[in-house]
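Colleague: My questions will all concern the structure given below.
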Number of protein chains: 2
Amino acid sequence: MALRERKKVRTREAISTAAITLFVEHGFDQVSITQVAEAADVSRRTLFAYFPTKEDLVVHRFADHEDEPARVVRARPADQSPLTALHDHFVERLRAHDPFTGLTDRPDTLALYRLLRSTPALMARMLQFNETSQRELAAALHETAATPELTARLAAAQVIAVHWTLAMTNFDLCATGTPAQKLLPTAVKATNQAFTLLSTGLTPLWPAG
Amino acid sequence: MALRERKKVRTREAISTAAITLFVEHGFDQVSITQVAEAADVSRRTLFAYFPTKEDLVVHRFADHEDEPARVVRARPADQSPLTALHDHFVERLRAHDPFTGLTDRPDTLALYRLLRSTPALMARMLQFNETSQRELAAALHETAATPELTARLAAAQVIAVHWTLAMTNFDLCATGTPAQKLLPTAVKATNQAFTLLSTGLTPLWPAG
DNA sequence: TGCAAAAGTAGACTGAGTGCAAGATAGCAC
DNA sequence: GTGCTATCTTGCACTCAGTCTACTTTTGCA
């Protein structure tokens, strides 16, 4: 990688780190873009060349996971159902303590999550990621599992909604301070329950008409 | 109702109408708050007394429906399952051409929807409504259907996601210009399919492991 | 008619984000 | 090394959303 490229990566990282550090310490709304730029030792204008909005300074760290569900469905073995693939993958990421699942020990990741949850503007941005995930997952289901378009969209919406609910629930558990290792069994059980619910539907919950 | 109250209602309506008219005509981002205030013949500061943000000028029209799913679940007969109540209610609103379902003929409502869909900031705000709906529905399920908290949250997330998907699908159909009456059978069929999916789960779609 | 509370207004201010034009730096030729 | 070019960076001025404060007008009610 050339010097120019390396510098860009370093600058980007410096800006993001400075931003998150300040935001975590003083709150998202209490820190201005100008302060972030000063802390990262770049001009305000350069900061905007790297991150289009203030929110992106934080949420870009989650952008990689946007198309994860779609990728998982596309990469599954031919004889595996999409739902099983998604289920297995989530449990696997859970065991790896992937922050993507909401289950994590790392203090900086916990602080980042706390920042997200307590800042409406950031949550709104995260929900937009979910929309993208959903659209891509729907496409993947439509193309690889011979699912009609409307059905694929409905299924994708359900899966992503469940995904998000699980992640937020896991984070809330972690936020109490309990070590992730100790919470893993609970989290796995919740995941299994959630995917069973997706798989067998809501009728078993409320059998009556 | 006293004069003061009537005036407030009228002013609020005038501001909102002026805003939506301008936004529909020129686009949300192309119209400034100042222009809206001038069109409604109030000061900028007064406008902000009625609507906290620019987005709210548009989306406040949907705010009433935020707790509709929760209300439906709470108001259902004792022997009816929550899912049936939600299903019946959605079909009923569909037959009434309630804009809430995305199925509508009225040109101004269609224009409003088009505005929403083409403006990311407005869509983001709508998704926040969904979050609230979801939280309230979860509470209603937890309290009236003896559903454990996590289960209630998961179910609520699924229902609201499906709701939103149906509404957007219906709107997309209406946006082509077809009269709502003609689309009703399709929309009802889609709704039935969606609630069946919720009810019996995703396994029937992809039977293999 | 008079008075208190509510509603509206004017104008200055902060902070996010953009456009532009000039300056600094990396890559590459020679 | 020297110079040329493309890219990166910067400063400055600008627009617009949203807030604060202090002031005027209007309404409800005695």
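Labels used: A, B, ... for chains in the order of the structure tokens, numbers from 1 for residues in each chain, and numbers from 1 for ligands as shown.
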Given only C-alpha atoms (C1' of nucleotides), how would the per-residue table for chain C near segment 1-5 of chain A read, listing every residue at most 10 Å away with its closest atom pair and distance in Å to one decimal, sorted by chain and number, as a tab-separated table?

Modeller:
residue	atom	partner	partner_atom	distance
C:DT25	C1'	A:Arg4	CA	9.4
C:DA26	C1'	A:Arg4	CA	6.4
C:DG27	C1'	A:Arg4	CA	9.1

Colleague: Using only C-alpha atoms (C1' of nucleotides), find which residues of chain D lie within 9 Å of chain B and jot them down as a PyMOL selection string.

Modeller: chain D and resi 16-18+27-28

Colleague: What's the 12 Å shell around segment 60-64 of chain A, counting only C-alpha atoms (C1' of nucleotides), without same-chain residues fewer than 2 positions away, as an MDAnalysis selection string?

Modeller: chainID A and resid 12:13 15:17 19:20 50:58 66:69 71 98:102 109 112:113 116 122:123 125:130 132:133

Colleague: Select from chain A everything DSSP, run on the backbone, classes as alpha helix (DSSP H), then give the selection as a PyMOL selection string.

Modeller: chain A and resi 3-26+33-40+44-50+56-59+68-75+82-95+107-117+120-144+149-175+180-200

Colleague: Please report, as a Markdown table, each residue of chain C lying at most 10 Å from chain B, together with the nearest pair of atoms and the separation in Å rounded to one decimal; use only C-alpha atoms (C1' of nucleotides), and order rows by chain and ascending residue number.

Modeller:
| residue | atom | partner | partner_atom | distance |
| --- | --- | --- | --- | --- |
| C:DA6 | C1' | B:Arg4 | CA | 8.9 |
| C:DA7 | C1' | B:Thr46 | CA | 8.7 |
| C:DG8 | C1' | B:Thr46 | CA | 6.4 |
| C:DT9 | C1' | B:Ser43 | CA | 6.6 |
| C:DA10 | C1' | B:Ser43 | CA | 9.1 |

Colleague: Restricting it to N, CA and C atoms (P, O5', C5', C4', C3', O3' and C1' of nucleotides), dump the selection as a short mmCIF file (atom, residue, chain, number, x, y, z; two decimals), in the first residue's frame.

Modeller:
data_model
loop_
_atom_site.label_atom_id
_atom_site.label_comp_id
_atom_site.auth_asym_id
_atom_site.auth_seq_id
_atom_site.Cartn_x
_atom_site.Cartn_y
_atom_site.Cartn_z
P DA C 6 -50.65 30.32 31.28
"O5'" DA C 6 -50.81 30.36 29.71
"C5'" DA C 6 -52.09 30.59 29.15
"C4'" DA C 6 -51.94 31.20 27.78
"C3'" DA C 6 -50.93 30.47 26.88
"O3'" DA C 6 -51.62 30.02 25.72
"C1'" DA C 6 -50.64 32.82 26.80
P DA C 7 -50.86 29.16 24.60
"O5'" DA C 7 -50.53 30.29 23.52
"C5'" DA C 7 -51.60 31.06 23.00
"C4'" DA C 7 -51.05 32.10 22.05
"C3'" DA C 7 -50.05 31.53 21.03
"O3'" DA C 7 -50.47 31.91 19.73
"C1'" DA C 7 -49.15 33.44 22.11
P DG C 8 -49.58 31.53 18.48
"O5'" DG C 8 -48.76 32.87 18.27
"C5'" DG C 8 -49.45 34.03 17.81
"C4'" DG C 8 -48.46 35.16 17.68
"C3'" DG C 8 -47.34 34.90 16.67
"O3'" DG C 8 -47.38 35.93 15.68
"C1'" DG C 8 -46.47 35.69 18.71
P DT C 9 -46.32 35.87 14.49
"O5'" DT C 9 -45.17 36.82 15.01
"C5'" DT C 9 -45.49 38.18 15.37
"C4'" DT C 9 -44.22 38.91 15.73
"C3'" DT C 9 -43.07 38.66 14.75
"O3'" DT C 9 -42.65 39.93 14.25
"C1'" DT C 9 -42.37 38.41 17.01
P DA C 10 -41.71 39.99 12.97
"O5'" DA C 10 -40.40 40.64 13.58
"C5'" DA C 10 -40.49 41.58 14.65
"C4'" DA C 10 -39.10 41.85 15.19
"C3'" DA C 10 -37.99 41.62 14.17
"O3'" DA C 10 -37.06 42.71 14.26
"C1'" DA C 10 -37.63 40.27 16.08
#

Colleague: Within 10 Å of chain A, which residues of chain B show up when using only C-alpha atoms, listed as a PyMOL selection string?

Modeller: chain B and resi 78-85+120-121+123-128+131+145-148+150-166+169+190+193-209

Colleague: Quick one: distance from atom CA of Val73 of chain B to atom CA of Arg117 of chain A in Å, one decimal?

Modeller: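 We find that atom CA of Val73 of chain B and atom CA of Arg117 of chain A lie 27.5 Å from each other.
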
Colleague: Within 12 Å of DA22 of chain C, counting only C-alpha atoms (C1' of nucleotides), which residues qualify if same-chain residues fewer than 5 places away don't, as a list of chain:residue names?

Modeller: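 Residues near the query, excluding close chain neighbours: D:DT9, D:DT10, D:DG11, D:DC12.
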